[in-house]
Amino acid sequence: MTDRQIEILIDSLLPLLKAGVVFTIPLALVSFALGLIVAVATALARLSTIRVLRLVARFYVWIIRGTPLLVQLFIIFYGLPYAGITLDPFIASVIGFTLSVGAYGSEIVRAAILSIHKGQWEAAYSIGMTRWQALRRVILPQAARVAIPPLGSSFISLVKDTSLAATILYMEMFRVAQQISAAKYEPLLIYSAAGAIYLLFCSVLSWLQNITEKRLARYSAS
Amino acid sequence: MIEIRNLHKSFGSLEVLKGIDMTLERGKVLAIIGPSGSGKTTLLRCFNLLEVPDRGILTVGKQTLDFEAGKKVREKEAVALRKQTGMVFQSFNLFPHQTAIENIMEAQVTVQKKSKSDSRQRAAELLAKVGLADKAEFYPHQLSGGQQQRIAIARAMAVDPEVLLFDEPTSALDPQLVGEVLKVIKQLAADGMTMIIVTHEMKFAADVADRVILMDGGVIIEEGPPENVLENPQSARAIQFLNRLASYEI
């Protein structure tokens, strides 16, 4: 590495890291939190006794899983203005990622709920609970434990997927990397640096995921 | 009082209950015995609507439900009935994410809307009653099968039910753990608890039950005090079933 390259690397690390902490992480966190709510609601709708709810939920999951995330973001940001809805890049990104997390997450939550033994429902009913009480007090707390490892993996994927927001003009880490790279003509160096920061973020998240799993393992599911 | 009249239940084309009638007075213990597939567990599960009968009438305490084919039971009715019944399952089905005492508090807090401190006090009394006062803060997986089943009995008792339903409560236990569970059930009988017990333990049935029902093929084939049903059965099928059991026990 030449002295010039080392200088560029040192100069760009701070802006990249800052973009990561100030824009990438918040975008991922907000989208994931909202996405989880959508995921649980969609999973419950798919397990509902009401046919219309089941159909709406299936339709939503079908659309989101069957189209590329990049296309969805383009529709929301570049397409919707032609229908009279103009969104700023952050809002458009949050909507896109929330819908994505909601659809994939709903499958995880649904599978987790279905994995809980039928005897748990029966025990809950036998002490006089309604279906909703049984879900809230007995089934979901156990399903959460099953769902946390795969949901942790979705969150890690989401952090990486936020780089797609660069394409709809959101100033997150990857877009900052593109700008520095264009200005300094050092794509290999700058994109590698950006990649290294994503790797750092994801490694920290994996570590947090392990800790959470261990804390949840206080009881063993029967 | 518990009463059923002309109760029918089918799973698909298989008719499991073919018109069952029975009455159980308050404070009495009924044992239901019979070969596997005789419908005894299905009958038991009809008492708290874990299985919804196709036809017939079910009375528990002051509540009467009239079943007709194609008519759904509303959740409100099912909940009202279940508040008057407690059930003990073959595989315990304790809530694994809650401690022993939390398991027993759950119905009081969530269903009866009692305060946490009242619920905890009542749960502690019930734990003492089943001899596990020192296990309050243990999670189910830290306890033996016999201990788990005694916690499950305490959980079922916590709603002060009219009747306790037992579905083969000792079948999943190691032989040396059966005694501690049967002892608790006997104590409840002595306290005047109304109970319906599906069991394979003939000696226990003879010991604890006021009445015994012997089922086969979805009907009651023999009914009466245990000494009559178990020692002096009338029908050929009953004699055959009891002989087969006796030959195993020797």
# chains A, B, ... in the order shown; residues from 1 in each chain; ligands from 1

$ interface_residues --of "chain A" --to "chain B" --cutoff "10 Å" --atoms "only C-alpha atoms" --output "VMD selection string"
chain A and resid 117 to 131 133 to 134 137 to 139 141 to 142 145 216 to 222

$ write_last_selection --atoms "C-alpha atoms" --output "short mmCIF file (atom, residue, chain, number, x, y, z; two decimals), in the first residue's frame"
data_model
loop_
_atom_site.label_atom_id
_atom_site.label_comp_id
_atom_site.auth_asym_id
_atom_site.auth_seq_id
_atom_site.Cartn_x
_atom_site.Cartn_y
_atom_site.Cartn_z
CA HIS A 117 -46.61 -28.78 21.55
CA LYS A 118 -50.42 -29.05 21.33
CA GLY A 119 -50.46 -30.02 25.02
CA GLN A 120 -49.47 -26.44 25.91
CA TRP A 121 -52.59 -25.08 24.21
CA GLU A 122 -54.70 -27.71 25.94
CA ALA A 123 -53.22 -26.96 29.34
CA ALA A 124 -53.88 -23.25 28.81
CA TYR A 125 -57.47 -23.92 27.73
CA SER A 126 -57.98 -26.34 30.61
CA ILE A 127 -57.35 -23.59 33.16
CA GLY A 128 -59.95 -21.37 31.50
CA MET A 129 -57.88 -19.23 29.13
CA THR A 130 -59.26 -17.78 25.91
CA ARG A 131 -57.36 -18.37 22.69
CA GLN A 133 -54.76 -15.39 26.59
CA ALA A 134 -53.24 -18.77 25.74
CA ARG A 137 -49.22 -16.00 28.21
CA VAL A 138 -48.26 -19.53 27.16
CA ILE A 139 -47.52 -19.94 23.46
CA PRO A 141 -43.23 -16.69 25.28
CA GLN A 142 -42.18 -20.20 24.31
CA ARG A 145 -37.32 -18.67 22.34
CA LEU A 216 -33.23 -17.62 27.06
CA ALA A 217 -31.98 -21.16 27.69
CA ARG A 218 -32.76 -20.89 31.41
CA TYR A 219 -35.53 -23.41 30.95
CA SER A 220 -35.55 -26.25 28.45
CA ALA A 221 -38.60 -26.62 26.25
CA SER A 222 -40.38 -29.90 26.74
#

$ residues_around --residues "Ser36 of chain B" --least-positions-apart "2" --cutoff "12 Å" --atoms "only C-alpha atoms" --output "mmCIF file with N, CA and C atoms, in the first residue's frame"
data_model
loop_
_atom_site.group_PDB
_atom_site.id
_atom_site.type_symbol
_atom_site.label_atom_id
_atom_site.label_comp_id
_atom_site.auth_asym_id
_atom_site.auth_seq_id
_atom_site.Cartn_x
_atom_site.Cartn_y
_atom_site.Cartn_z
ATOM 1 N N VAL B 16 -66.490 -42.606 18.040
ATOM 2 C CA VAL B 16 -65.709 -42.941 19.233
ATOM 3 C C VAL B 16 -66.603 -43.057 20.463
ATOM 4 N N ILE B 32 -62.760 -44.257 35.235
ATOM 5 C CA ILE B 32 -63.141 -44.785 33.921
ATOM 6 C C ILE B 32 -62.017 -45.706 33.465
ATOM 7 N N ILE B 33 -62.356 -46.984 33.230
ATOM 8 C CA ILE B 33 -61.350 -47.932 32.766
ATOM 9 C C ILE B 33 -61.816 -48.545 31.454
ATOM 10 N N GLY B 34 -60.900 -49.234 30.809
ATOM 11 C CA GLY B 34 -61.252 -49.874 29.545
ATOM 12 C C GLY B 34 -60.032 -50.004 28.666
ATOM 13 N N SER B 38 -61.085 -47.464 23.572
ATOM 14 C CA SER B 38 -62.467 -47.661 24.015
ATOM 15 C C SER B 38 -63.237 -46.348 24.079
ATOM 16 N N GLY B 39 -62.520 -45.213 23.982
ATOM 17 C CA GLY B 39 -63.196 -43.914 24.021
ATOM 18 C C GLY B 39 -63.128 -43.237 25.371
ATOM 19 N N LYS B 40 -62.399 -43.829 26.323
ATOM 20 C CA LYS B 40 -62.432 -43.266 27.677
ATOM 21 C C LYS B 40 -61.757 -41.902 27.773
ATOM 22 N N THR B 41 -60.636 -41.735 27.083
ATOM 23 C CA THR B 41 -59.975 -40.422 27.109
ATOM 24 C C THR B 41 -60.805 -39.371 26.372
ATOM 25 N N THR B 42 -61.389 -39.754 25.247
ATOM 26 C CA THR B 42 -62.259 -38.819 24.522
ATOM 27 C C THR B 42 -63.423 -38.375 25.403
ATOM 28 N N GLU B 168 -55.172 -40.481 32.674
ATOM 29 C CA GLU B 168 -54.072 -41.421 32.935
ATOM 30 C C GLU B 168 -52.885 -40.716 33.610
ATOM 31 N N VAL B 198 -59.426 -41.268 34.474
ATOM 32 C CA VAL B 198 -59.164 -42.326 33.501
ATOM 33 C C VAL B 198 -57.862 -42.984 33.919
ATOM 34 N N THR B 199 -57.892 -44.282 34.141
ATOM 35 C CA THR B 199 -56.677 -44.916 34.684
ATOM 36 C C THR B 199 -56.537 -46.364 34.242
ATOM 37 N N HIS B 200 -55.284 -46.831 34.299
ATOM 38 C CA HIS B 200 -54.999 -48.248 34.094
ATOM 39 C C HIS B 200 -54.686 -48.940 35.411
ATOM 40 N N LEU B 214 -66.718 -49.081 33.073
ATOM 41 C CA LEU B 214 -65.863 -49.838 32.165
ATOM 42 C C LEU B 214 -66.375 -49.610 30.752
ATOM 43 N N MET B 215 -65.522 -49.049 29.909
ATOM 44 C CA MET B 215 -65.929 -48.734 28.537
ATOM 45 C C MET B 215 -65.270 -49.675 27.544
ATOM 46 N N ASP B 216 -65.972 -49.925 26.449
ATOM 47 C CA ASP B 216 -65.389 -50.669 25.341
ATOM 48 C C ASP B 216 -66.149 -50.303 24.080
ATOM 49 N N GLY B 217 -65.420 -50.012 23.009
ATOM 50 C CA GLY B 217 -66.051 -49.709 21.723
ATOM 51 C C GLY B 217 -66.998 -48.514 21.760
ATOM 52 N N GLY B 218 -66.700 -47.535 22.610
ATOM 53 C CA GLY B 218 -67.497 -46.309 22.605
ATOM 54 C C GLY B 218 -68.777 -46.378 23.412
ATOM 55 N N PHE B 241 -61.804 -58.474 29.460
ATOM 56 C CA PHE B 241 -60.862 -57.368 29.674
ATOM 57 C C PHE B 241 -60.175 -57.488 31.028
#

$ select_by_dssp --residues "segment 17-221 of chain B" --states "helix (DSSP H, G or I)" --output "ChimeraX atom specification"
/B:40-46,75-82,100-111,116-129,133-135,140-142,145-157,175-190,202-208

$ residues_around --residues "Ala57 of chain A" --least-positions-apart "3" --cutoff "12 Å" --atoms "only C-alpha atoms" --output "list in words"
Val38, Ala39, Val40, Ala41, Thr42, Ala43, Leu44, Ala45, Arg46, Leu47, Ser48, Ile50, Arg51, Val52, Leu53, Arg54, Tyr60, Val61, Trp62, Ile63, Ile64, Leu99, Gly102, Ala103, Tyr104, Ser106, Glu107 and Arg110 of chain A

$ atom_distance --atom1 "atom CA of Val176 of chain A" --atom2 "atom CA of Leu16 of chain A"
6.5 Å

$ residues_around --residues "Gln149 of chain B" --least-positions-apart "2" --cutoff "8 Å" --atoms "only C-alpha atoms" --output "PDB file with C-alpha atoms, in the first residue's frame"
ATOM      1  CA  VAL B  88     -54.408 -33.232  34.849  1.00  0.00           C
ATOM      2  CA  PHE B  92     -48.152 -33.059  32.724  1.00  0.00           C
ATOM      3  CA  GLY B 145     -41.960 -36.593  36.635  1.00  0.00           C
ATOM      4  CA  GLY B 146     -43.768 -37.325  39.876  1.00  0.00           C
ATOM      5  CA  GLN B 147     -43.053 -33.826  41.172  1.00  0.00           C
ATOM      6  CA  ILE B 151     -47.460 -29.424  40.474  1.00  0.00           C
ATOM      7  CA  ALA B 152     -49.903 -30.047  37.610  1.00  0.00           C
ATOM      8  CA  ILE B 153     -52.503 -31.239  40.127  1.00  0.00           C
ATOM      9  CA  PRO B 169     -52.091 -39.337  35.427  1.00  0.00           C
ATOM     10  CA  VAL B 181     -48.961 -39.023  42.702  1.00  0.00           C
TER      11      VAL B 181
END
